[in-house]
>>> print(open('upload05.pdb').read())   # PDB, C-alpha atoms
ATOM      1  CA  MET A 273       0.000   0.000   0.000
ATOM      2  CA  PRO A 274       1.267   3.535  -0.697
ATOM      3  CA  ILE A 275       2.366   5.723   2.201
ATOM      4  CA  VAL A 276      -0.285   8.353   2.882
ATOM      5  CA  LEU A 277       1.110  11.876   3.328
ATOM      6  CA  LYS A 278      -0.901  14.162   5.587
ATOM      7  CA  SER A 279      -1.783  17.822   5.112
ATOM      8  CA  ARG A 280      -0.990  20.394   7.794
ATOM      9  CA  ARG A 281      -4.652  20.386   8.831
ATOM     10  CA  GLU A 282      -4.640  16.592   9.174
ATOM     11  CA  ILE A 283      -1.469  16.756  11.247
ATOM     12  CA  GLU A 284      -3.074  19.306  13.553
ATOM     13  CA  MET A 285      -6.122  17.044  13.891
ATOM     14  CA  MET A 286      -3.745  14.264  14.935
ATOM     15  CA  ARG A 287      -2.056  16.628  17.392
ATOM     16  CA  ARG A 288      -5.452  17.334  18.960
ATOM     17  CA  ALA A 289      -5.865  13.568  19.457
ATOM     18  CA  GLY A 290      -2.296  13.440  20.737
ATOM     19  CA  GLN A 291      -2.987  16.094  23.339
ATOM     20  CA  VAL A 292      -5.867  13.984  24.690
ATOM     21  CA  ALA A 293      -3.704  10.849  24.701
ATOM     22  CA  HIS A 294      -0.885  12.655  26.517
ATOM     23  CA  GLU A 295      -3.223  13.942  29.218
ATOM     24  CA  ILE A 296      -4.727  10.486  29.767
ATOM     25  CA  LEU A 297      -1.279   8.897  30.045
ATOM     26  CA  GLN A 298      -0.257  11.580  32.524
ATOM     27  CA  LYS A 299      -3.241  10.693  34.720
ATOM     28  CA  MET A 300      -2.565   6.963  34.379
ATOM     29  CA  GLU A 301       1.072   7.456  35.356
ATOM     30  CA  ALA A 302       0.099   9.531  38.400
ATOM     31  CA  ALA A 303      -2.285   6.742  39.471
ATOM     32  CA  SER A 304       0.320   3.998  38.980
ATOM     33  CA  VAL A 305       1.282   3.263  42.576
ATOM     34  CA  ALA A 306       1.676   0.151  44.681
ATOM     35  CA  GLY A 307      -1.707  -1.394  45.502
ATOM     36  CA  VAL A 308      -3.485  -0.224  42.343
ATOM     37  CA  SER A 309      -4.699  -2.866  39.902
ATOM     38  CA  THR A 310      -4.069  -2.673  36.172
ATOM     39  CA  LEU A 311      -7.847  -2.842  35.675
ATOM     40  CA  GLU A 312      -8.271   0.309  37.777
ATOM     41  CA  LEU A 313      -5.802   2.093  35.505
ATOM     42  CA  ASP A 314      -7.702   0.896  32.450
ATOM     43  CA  GLU A 315     -10.981   2.090  33.962
ATOM     44  CA  LEU A 316      -9.425   5.506  34.560
ATOM     45  CA  ALA A 317      -8.503   5.646  30.877
ATOM     46  CA  ARG A 318     -11.982   4.489  29.839
ATOM     47  CA  ALA A 319     -13.621   7.289  31.809
ATOM     48  CA  GLU A 320     -11.261   9.887  30.335
ATOM     49  CA  LEU A 321     -11.833   8.588  26.806
ATOM     50  CA  GLU A 322     -15.585   8.843  27.252
ATOM     51  CA  ALA A 323     -15.309  12.347  28.695
ATOM     52  CA  THR A 324     -13.308  13.599  25.711
ATOM     53  CA  GLY A 325     -15.250  11.760  23.005
ATOM     54  CA  ALA A 326     -12.172   9.753  21.995
ATOM     55  CA  VAL A 327     -12.351   6.093  20.967
ATOM     56  CA  ALA A 328      -9.995   3.451  22.360
ATOM     57  CA  LEU A 329      -8.385   1.658  19.420
ATOM     58  CA  SER A 330      -7.211  -1.282  21.527
ATOM     59  CA  LYS A 331     -10.728  -2.219  22.647
ATOM     60  CA  ASN A 332     -11.890  -5.264  20.637
ATOM     61  CA  TYR A 333      -8.879  -4.991  18.310
ATOM     62  CA  PRO A 334      -8.592  -6.331  15.644
ATOM     63  CA  THR A 335     -12.287  -6.961  14.983
ATOM     64  CA  TYR A 336     -13.965  -3.910  16.585
ATOM     65  CA  LYS A 337     -16.976  -6.174  17.210
ATOM     66  CA  PRO A 338     -18.377  -6.203  20.767
ATOM     67  CA  GLY A 339     -17.091  -9.122  22.801
ATOM     68  CA  GLU A 340     -14.276  -9.983  20.422
ATOM     69  CA  GLY A 341     -10.637  -9.032  20.128
ATOM     70  CA  PHE A 342      -8.540  -7.317  22.793
ATOM     71  CA  PRO A 343     -10.549  -6.830  26.009
ATOM     72  CA  GLY A 344      -8.939  -3.652  27.372
ATOM     73  CA  HIS A 345      -9.155   0.025  26.495
ATOM     74  CA  THR A 346      -5.392   0.194  26.987
ATOM     75  CA  CYS A 347      -2.532  -2.282  27.024
ATOM     76  CA  ILE A 348      -0.851  -2.489  30.435
ATOM     77  CA  SER A 349       2.254  -4.658  30.645
ATOM     78  CA  VAL A 350       4.135  -5.357  33.883
ATOM     79  CA  ASN A 351       7.788  -6.359  34.363
ATOM     80  CA  ASP A 352       8.588  -9.155  31.861
ATOM     81  CA  GLU A 353       5.480  -8.375  29.787
ATOM     82  CA  VAL A 354       6.732  -6.630  26.664
ATOM     83  CA  VAL A 355       3.480  -5.581  25.037
ATOM     84  CA  HIS A 356      -0.290  -6.214  24.851
ATOM     85  CA  GLY A 357      -0.732  -6.923  28.555
ATOM     86  CA  ILE A 358      -4.425  -7.308  29.414
ATOM     87  CA  PRO A 359      -5.685  -5.087  32.277
ATOM     88  CA  GLY A 360      -7.004  -7.175  35.146
ATOM     89  CA  ARG A 361      -6.868  -7.837  38.883
ATOM     90  CA  ARG A 362      -3.092  -7.792  39.092
ATOM     91  CA  MET A 363      -1.948  -5.316  41.729
ATOM     92  CA  LEU A 364       1.143  -3.217  41.174
ATOM     93  CA  THR A 365       3.828  -3.648  43.818
ATOM     94  CA  GLU A 366       6.936  -1.729  44.853
ATOM     95  CA  GLY A 367       9.746  -2.425  42.378
ATOM     96  CA  ASP A 368       7.518  -3.184  39.371
ATOM     97  CA  VAL A 369       7.897  -1.442  36.029
ATOM     98  CA  VAL A 370       4.641  -0.967  34.127
ATOM     99  CA  THR A 371       4.087   0.003  30.499
ATOM    100  CA  LEU A 372       1.041   2.155  29.778
ATOM    101  CA  ASP A 373       0.174   1.918  26.076
ATOM    102  CA  LEU A 374      -2.698   3.994  24.673
ATOM    103  CA  ALA A 375      -3.985   4.235  21.108
ATOM    104  CA  LEU A 376      -7.018   6.389  20.420
ATOM    105  CA  SER A 377      -9.003   8.061  17.683
ATOM    106  CA  LEU A 378     -10.530  11.529  17.969
ATOM    107  CA  ASN A 379     -12.665  12.962  15.172
ATOM    108  CA  GLY A 380     -11.387  10.238  12.871
ATOM    109  CA  TYR A 381      -7.649  10.778  13.477
ATOM    110  CA  CYS A 382      -5.464   8.304  15.356
ATOM    111  CA  VAL A 383      -2.433   8.477  17.630
ATOM    112  CA  ASP A 384      -0.460   5.849  19.521
ATOM    113  CA  THR A 385       1.744   6.532  22.547
ATOM    114  CA  ALA A 386       3.322   4.593  25.409
ATOM    115  CA  ARG A 387       5.663   4.935  28.364
ATOM    116  CA  THR A 388       7.103   2.598  30.983
ATOM    117  CA  VAL A 389       7.068   3.893  34.553
ATOM    118  CA  PRO A 390       8.633   2.651  37.803
ATOM    119  CA  ILE A 391       6.559   1.767  40.842
ATOM    120  CA  GLY A 392       8.499   3.200  43.758
ATOM    121  CA  ARG A 393      12.135   2.155  43.966
ATOM    122  CA  VAL A 394      13.127  -0.295  41.242
ATOM    123  CA  ALA A 395      16.191  -2.463  40.677
ATOM    124  CA  THR A 396      19.188  -0.717  39.135
ATOM    125  CA  VAL A 397      18.935  -2.714  35.909
ATOM    126  CA  ALA A 398      15.251  -1.849  35.540
ATOM    127  CA  GLY A 399      15.950   1.838  36.105
ATOM    128  CA  ARG A 400      18.698   1.798  33.475
ATOM    129  CA  LEU A 401      16.433  -0.087  31.089
ATOM    130  CA  LEU A 402      13.771   2.619  31.294
ATOM    131  CA  GLN A 403      16.364   5.352  30.869
ATOM    132  CA  VAL A 404      17.984   3.737  27.830
ATOM    133  CA  THR A 405      14.667   2.931  26.134
ATOM    134  CA  LYS A 406      13.417   6.507  26.470
ATOM    135  CA  GLN A 407      16.811   7.749  25.346
ATOM    136  CA  THR A 408      16.514   5.517  22.272
ATOM    137  CA  LEU A 409      13.135   7.013  21.341
ATOM    138  CA  ASP A 410      14.529  10.524  21.858
ATOM    139  CA  LEU A 411      17.542   9.655  19.683
ATOM    140  CA  ALA A 412      15.274   8.491  16.871
ATOM    141  CA  ILE A 413      13.147  11.640  17.030
ATOM    142  CA  GLN A 414      16.218  13.906  17.064
ATOM    143  CA  ASN A 415      17.472  12.302  13.852
ATOM    144  CA  VAL A 416      14.263  12.542  11.813
ATOM    145  CA  ARG A 417      14.569  14.817   8.789
ATOM    146  CA  PRO A 418      13.319  14.721   5.185
ATOM    147  CA  GLY A 419      15.371  12.649   2.777
ATOM    148  CA  LYS A 420      16.910  10.442   5.447
ATOM    149  CA  LYS A 421      16.548   6.673   5.177
ATOM    150  CA  TRP A 422      14.700   5.136   8.089
ATOM    151  CA  SER A 423      17.316   2.356   8.269
ATOM    152  CA  ASP A 424      19.922   4.952   9.269
ATOM    153  CA  ILE A 425      17.772   5.914  12.259
ATOM    154  CA  ALA A 426      16.944   2.290  13.108
ATOM    155  CA  ARG A 427      20.670   1.515  13.115
ATOM    156  CA  LEU A 428      21.284   4.301  15.636
ATOM    157  CA  MET A 429      18.463   2.980  17.832
ATOM    158  CA  GLN A 430      19.792  -0.573  17.789
ATOM    159  CA  TYR A 431      23.339   0.581  18.487
ATOM    160  CA  ASN A 432      22.253   2.694  21.447
ATOM    161  CA  VAL A 433      20.350  -0.218  22.986
ATOM    162  CA  GLU A 434      23.069  -2.824  22.449
ATOM    163  CA  ARG A 435      25.977  -0.653  23.573
ATOM    164  CA  ASN A 436      24.162  -0.358  26.903
ATOM    165  CA  GLY A 437      23.920  -4.143  27.234
ATOM    166  CA  PHE A 438      20.231  -4.521  26.346
ATOM    167  CA  SER A 439      18.348  -6.084  23.418
ATOM    168  CA  VAL A 440      15.807  -4.823  20.880
ATOM    169  CA  VAL A 441      12.673  -6.935  20.452
ATOM    170  CA  ARG A 442      12.377  -7.933  16.774
ATOM    171  CA  GLU A 443       8.818  -9.271  16.597
ATOM    172  CA  PHE A 444       7.166  -5.846  16.869
ATOM    173  CA  VAL A 445       7.907  -2.574  15.106
ATOM    174  CA  GLY A 446       6.447   0.892  14.753
ATOM    175  CA  HIS A 447       4.086   1.841  11.960
ATOM    176  CA  GLY A 448       2.500   4.537   9.898
ATOM    177  CA  ILE A 449      -0.614   6.055  11.443
ATOM    178  CA  GLY A 450      -3.319   8.521  10.448
ATOM    179  CA  THR A 451      -6.985   7.804   9.843
ATOM    180  CA  LYS A 452      -6.154   4.193  10.721
ATOM    181  CA  MET A 453      -4.062   2.981  13.632
ATOM    182  CA  HIS A 454      -1.855   0.864  11.383
ATOM    183  CA  GLU A 455      -0.795   2.278   8.034
ATOM    184  CA  ASP A 456       2.298   1.776   5.905
ATOM    185  CA  PRO A 457       5.232   1.868   6.342
ATOM    186  CA  LYS A 458       6.629  -0.482   8.956
ATOM    187  CA  VAL A 459       8.982   1.439  11.261
ATOM    188  CA  PRO A 460      11.547  -0.938  12.788
ATOM    189  CA  ASN A 461      13.874  -0.260  15.717
ATOM    190  CA  PHE A 462      16.693  -2.404  14.285
ATOM    191  CA  VAL A 463      18.309  -3.295  10.987
ATOM    192  CA  ASP A 464      18.331  -6.693   9.303
ATOM    193  CA  PRO A 465      18.058  -7.869   5.660
ATOM    194  CA  GLU A 466      14.282  -8.314   5.832
ATOM    195  CA  GLN A 467      13.700  -4.847   7.242
ATOM    196  CA  LEU A 468      16.075  -3.301   4.702
ATOM    197  CA  ARG A 469      13.838  -4.591   1.913
ATOM    198  CA  GLY A 470      11.107  -2.359   3.310
ATOM    199  CA  ASP A 471      13.380   0.635   3.860
ATOM    200  CA  PHE A 472      12.025   4.076   2.988
ATOM    201  CA  LYS A 473      13.055   7.716   2.833
ATOM    202  CA  LEU A 474      11.385  10.184   5.148
ATOM    203  CA  ARG A 475       9.141  12.731   3.441
ATOM    204  CA  PRO A 476       7.236  15.747   4.764
ATOM    205  CA  GLY A 477       3.694  14.718   5.669
ATOM    206  CA  MET A 478       4.594  11.229   6.874
ATOM    207  CA  THR A 479       3.071  10.425  10.255
ATOM    208  CA  LEU A 480       4.681   7.572  12.148
ATOM    209  CA  ALA A 481       4.378   5.771  15.475
ATOM    210  CA  VAL A 482       7.951   5.221  16.656
ATOM    211  CA  GLU A 483       8.146   2.709  19.488
ATOM    212  CA  PRO A 484      11.327   1.008  20.681
ATOM    213  CA  MET A 485      10.669  -2.118  22.759
ATOM    214  CA  VAL A 486      13.740  -3.061  24.732
ATOM    215  CA  VAL A 487      14.489  -5.952  27.103
ATOM    216  CA  ALA A 488      17.135  -6.379  29.770
ATOM    217  CA  GLY A 489      18.156  -9.874  28.714
ATOM    218  CA  ARG A 490      17.870 -11.868  25.497
ATOM    219  CA  ARG A 491      15.511 -10.558  22.838
ATOM    220  CA  ASP A 492      13.503 -13.816  22.595
ATOM    221  CA  VAL A 493       9.822 -13.520  23.502
ATOM    222  CA  ASP A 494       6.862 -15.855  24.091
ATOM    223  CA  LEU A 495       3.100 -15.448  23.689
ATOM    224  CA  LEU A 496       1.033 -16.313  26.775
ATOM    225  CA  PRO A 497      -2.030 -18.609  26.547
ATOM    226  CA  ASP A 498      -4.329 -15.544  26.541
ATOM    227  CA  LYS A 499      -3.066 -15.076  22.932
ATOM    228  CA  TRP A 500      -2.267 -11.416  23.562
ATOM    229  CA  THR A 501       0.362 -10.881  26.248
ATOM    230  CA  VAL A 502       3.955 -11.082  24.993
ATOM    231  CA  VAL A 503       6.626 -11.800  27.616
ATOM    232  CA  THR A 504      10.391 -12.129  27.631
ATOM    233  CA  GLU A 505      11.461 -15.742  27.361
ATOM    234  CA  ASP A 506      14.081 -15.352  30.114
ATOM    235  CA  GLY A 507      11.804 -13.433  32.509
ATOM    236  CA  GLN A 508      13.874 -10.250  32.369
ATOM    237  CA  PRO A 509      12.064  -6.886  32.453
ATOM    238  CA  ALA A 510      10.978  -4.986  29.350
ATOM    239  CA  ALA A 511      10.382  -1.317  28.532
ATOM    240  CA  HIS A 512       8.416   0.417  25.775
ATOM    241  CA  PHE A 513       8.292   4.116  24.884
ATOM    242  CA  GLU A 514       6.323   5.513  21.953
ATOM    243  CA  HIS A 515       5.392   8.793  20.306
ATOM    244  CA  THR A 516       3.392   9.612  17.209
ATOM    245  CA  ILE A 517       5.407  12.025  15.061
ATOM    246  CA  ALA A 518       5.057  13.956  11.808
ATOM    247  CA  VAL A 519       7.925  14.556   9.389
ATOM    248  CA  THR A 520       8.110  18.246   8.462
ATOM    249  CA  GLU A 521       9.952  20.210   5.785
ATOM    250  CA  VAL A 522      12.814  20.807   8.203
ATOM    251  CA  GLY A 523      12.687  17.941  10.709
ATOM    252  CA  VAL A 524      10.128  16.451  13.042
ATOM    253  CA  ASP A 525       7.003  17.371  14.981
ATOM    254  CA  VAL A 526       6.016  15.253  18.006
ATOM    255  CA  LEU A 527       2.224  14.966  18.131
ATOM    256  CA  THR A 528       1.797  13.164  21.472
ATOM    257  CA  ASP A 529       3.889  15.360  23.758
ATOM    258  CA  GLY A 530       0.915  17.344  25.053
ATOM    259  CA  ARG A 531       1.247  20.533  23.034
ATOM    260  CA  PRO A 532      -2.075  21.965  21.809
ATOM    261  CA  PRO A 533      -2.773  22.141  18.052
ATOM    262  CA  TRP A 534      -2.191  25.232  15.955
ATOM    263  CA  THR A 535      -5.144  26.885  14.221
ATOM    264  CA  LEU A 536      -7.220  24.333  12.313
TER
END
>>> encode(input="upload05.pdb", output="C-alpha cells")
Amino acid sequence: MPIVLKSRREIEMMRRAGQVAHEILQKMEAASVAGVSTLELDELARAELEATGAVALSKNYPTYKPGEGFPGHTCISVNDEVVHGIPGRRMLTEGDVVTLDLALSLNGYCVDTARTVPIGRVATVAGRLLQVTKQTLDLAIQNVRPGKKWSDIARLMQYNVERNGFSVVREFVGHGIGTKMHEDPKVPNFVDPEQLRGDFKLRPGMTLAVEPMVVAGRRDVDLLPDKWTVVTEDGQPAAHFEHTIAVTEVGVDVLTDGRPPWTL
C-alpha cells in the first residue's frame, strides 16, 4: 500500500488527538502506585476517553466487534510483559515497572503513545532499562529529517540499545498512522536484511508511530495462553516508549507530547 502523506490540517487534527492521549497517560502514570490494579488504571482511561469523546483503538482490536478481540481500552504490561498486557486484577507492587500503552481516535484521526514507569524504587537494571529505552526514542526523534533513510535511524536505535547491554525486540515494530491505527510503512527499531527490503526515505507529511521495545536480557519472547500478552522468554524486564510524530519540511514534529494544536 502507498504511504499516505498528511496535510498540515490533518497533522493538527492528529495533534489534537495526541494532546488527549498525553493527558490520559499523565493521569494513568500519576495513578500507577503500589496497591493499584491494572484494571483500575484501564478504567481511569476508559472514563477519560468517554469524557473527551475519543475512541480506544485497543478495545476489541482487531475486529472492533463487541465481545471480540482485545478486552482492554489500553494495554498495560508489567515487568517481563513486553506488550499487549491485558488489564485485570493484578496489583502493582513496589519495584515493578509498568508500560502504559494507549492508542485512540478523535474525530477520525489516530495516535499511539506509550511509556514505561517505575513503581516506587526499582532495581538498578530496571531503572537503566527505562532510561535507555526513552533515550533511544529521543535519539530516533532527534534524527528525523526529510530525505533520510529510516534504516539509518533504526541503526542508531539498535546501536544505542546494544551498547548499553540490552536487546531490541524484533517481533514488533512501529508503523505509519493517520486515519487508521496501522498504516504503511513499517517502522523498525533495528536493521536486518528483511527490514532493509522495506526501507524508505522520510518525506514531509509522513506520520509515524515510533516505538522502541527493549528488554534487559535476550531478545527472545513468548506469547502467553491468553493469545495477547507477549513476555520475555528469560523473565527479564521490558520497557516500551512511543510517540506519534510527523515529518516536516525541516525535521520532526512530536504529536503526542501534550502541546495543543495550531489553528485548524
>>> closest_atom_pairs(input="upload05.pdb", of="segment 332-446 of chain A", to="segment 503-510 of chain A", cutoff="12 Å", atoms="all atoms listed in the file", output="tab-separated table")
residue	atom	partner	partner_atom	distance
A:Ser349	CA	A:Ala510	CA	8.8
A:Val350	CA	A:Pro509	CA	8.2
A:Asn351	CA	A:Pro509	CA	4.7
A:Asp352	CA	A:Pro509	CA	4.2
A:Glu353	CA	A:Val503	CA	4.2
A:Val354	CA	A:Val503	CA	5.3
A:Val355	CA	A:Val503	CA	7.4
A:His356	CA	A:Val503	CA	9.3
A:Gly357	CA	A:Val503	CA	8.9
A:Gly367	CA	A:Pro509	CA	11.1
A:Asp368	CA	A:Pro509	CA	9.1
A:Val369	CA	A:Pro509	CA	7.7
A:Val370	CA	A:Ala510	CA	8.9
A:Thr371	CA	A:Ala510	CA	8.6
A:Arg387	CA	A:Ala510	CA	11.3
A:Thr388	CA	A:Ala510	CA	8.7
A:Val389	CA	A:Ala510	CA	11.0
A:Pro390	CA	A:Pro509	CA	11.5
A:Val394	CA	A:Pro509	CA	11.0
A:Ala395	CA	A:Pro509	CA	10.2
A:Thr396	CA	A:Pro509	CA	11.6
A:Val397	CA	A:Pro509	CA	8.7
A:Ala398	CA	A:Pro509	CA	6.7
A:Gly399	CA	A:Pro509	CA	10.2
A:Arg400	CA	A:Pro509	CA	11.0
A:Leu401	CA	A:Ala510	CA	7.5
A:Leu402	CA	A:Ala510	CA	8.3
A:Gln403	CA	A:Ala510	CA	11.8
A:Val404	CA	A:Ala510	CA	11.3
A:Thr405	CA	A:Ala510	CA	9.3
A:Phe438	CA	A:Ala510	CA	9.7
A:Ser439	CA	A:Ala510	CA	9.5
A:Val440	CA	A:Ala510	CA	9.8
A:Val441	CA	A:Thr504	CA	9.2
A:Arg442	CA	A:Thr504	CA	11.8
A:Glu443	CA	A:Thr504	CA	11.5
>>> atom_distance(input="upload05.pdb", atom1="atom CA of Arg475 of chain A", atom2="atom CA of Val292 of chain A")
26.0 Å
>>> resolve_selection(input="upload05.pdb", expression="the PyMOL selection byres ((chain A and resi 512-519) around 9)", output="PyMOL selection string")
chain A and resi 278+283+286-287+290+354-355+371-373+383-388+402+405-406+408-409+413+416-418+446+448-449+474-487+510-511+520-529
>>> atom_distance(input="upload05.pdb", atom1="atom CA of Pro532 of chain A", atom2="atom CA of Thr451 of chain A")
19.2 Å
>>> atom_distance(input="upload05.pdb", atom1="atom CA of Ser279 of chain A", atom2="atom CA of Ser377 of chain A")
17.5 Å
>>> resolve_selection(input="upload05.pdb", expression="the PyMOL selection byres ((chain A and resi 306) around 6)", output="count of residues only")
6
>>> decode(input="upload05.pdb", residues="segment 473-499 of chain A", atoms="N, CA and C atoms", output="short mmCIF file (atom, residue, chain, number, x, y, z; two decimals), in the first residue's frame")
data_model
loop_
_atom_site.label_atom_id
_atom_site.label_comp_id
_atom_site.auth_asym_id
_atom_site.auth_seq_id
_atom_site.Cartn_x
_atom_site.Cartn_y
_atom_site.Cartn_z
N LYS A 473 12.55 6.38 2.53
CA LYS A 473 13.05 7.72 2.83
C LYS A 473 11.95 8.54 3.48
N LEU A 474 12.34 9.32 4.46
CA LEU A 474 11.39 10.18 5.15
C LEU A 474 10.98 11.35 4.25
N ARG A 475 9.67 11.64 4.26
CA ARG A 475 9.14 12.73 3.44
C ARG A 475 8.21 13.60 4.28
N PRO A 476 8.18 14.89 4.04
CA PRO A 476 7.24 15.75 4.76
C PRO A 476 5.80 15.23 4.60
N GLY A 477 5.06 15.22 5.70
CA GLY A 477 3.69 14.72 5.67
C GLY A 477 3.55 13.29 6.14
N MET A 478 4.66 12.57 6.30
CA MET A 478 4.59 11.23 6.87
C MET A 478 4.25 11.34 8.36
N THR A 479 3.38 10.50 8.83
CA THR A 479 3.07 10.42 10.26
C THR A 479 3.33 9.00 10.72
N LEU A 480 4.15 8.87 11.73
CA LEU A 480 4.68 7.57 12.15
C LEU A 480 4.56 7.39 13.65
N ALA A 481 4.29 6.16 14.07
CA ALA A 481 4.38 5.77 15.47
C ALA A 481 5.73 5.09 15.67
N VAL A 482 6.59 5.74 16.40
CA VAL A 482 7.95 5.22 16.66
C VAL A 482 7.96 4.65 18.06
N GLU A 483 8.34 3.36 18.20
CA GLU A 483 8.15 2.71 19.49
C GLU A 483 9.19 1.63 19.79
N PRO A 484 10.36 2.02 20.27
CA PRO A 484 11.33 1.01 20.68
C PRO A 484 10.82 0.16 21.84
N MET A 485 10.96 -1.16 21.70
CA MET A 485 10.67 -2.12 22.76
C MET A 485 11.98 -2.81 23.09
N VAL A 486 12.40 -2.65 24.33
CA VAL A 486 13.74 -3.06 24.73
C VAL A 486 13.65 -3.97 25.95
N VAL A 487 14.51 -5.00 25.99
CA VAL A 487 14.49 -5.95 27.10
C VAL A 487 15.87 -6.02 27.74
N ALA A 488 15.89 -6.37 29.02
CA ALA A 488 17.13 -6.38 29.77
C ALA A 488 18.01 -7.58 29.44
N GLY A 489 17.40 -8.66 29.01
CA GLY A 489 18.16 -9.87 28.71
C GLY A 489 18.16 -10.19 27.23
N ARG A 490 17.93 -11.46 26.90
CA ARG A 490 17.87 -11.87 25.50
C ARG A 490 16.61 -11.32 24.84
N ARG A 491 16.64 -11.17 23.54
CA ARG A 491 15.51 -10.56 22.84
C ARG A 491 14.37 -11.53 22.56
N ASP A 492 14.54 -12.82 22.89
CA ASP A 492 13.50 -13.82 22.60
C ASP A 492 12.26 -13.58 23.44
N VAL A 493 11.09 -13.74 22.81
CA VAL A 493 9.82 -13.52 23.50
C VAL A 493 8.89 -14.70 23.28
N ASP A 494 7.90 -14.82 24.17
CA ASP A 494 6.86 -15.86 24.09
C ASP A 494 5.49 -15.19 24.14
N LEU A 495 4.49 -15.89 23.61
CA LEU A 495 3.10 -15.45 23.69
C LEU A 495 2.39 -16.28 24.75
N LEU A 496 1.74 -15.60 25.72
CA LEU A 496 1.03 -16.31 26.78
C LEU A 496 -0.24 -16.98 26.24
N PRO A 497 -0.81 -17.92 27.00
CA PRO A 497 -2.03 -18.61 26.55
C PRO A 497 -3.21 -17.68 26.28
N ASP A 498 -3.21 -16.46 26.84
CA ASP A 498 -4.33 -15.54 26.54
C ASP A 498 -4.30 -15.04 25.10
N LYS A 499 -3.23 -15.40 24.35
CA LYS A 499 -3.07 -15.08 22.93
C LYS A 499 -2.82 -13.59 22.66
#
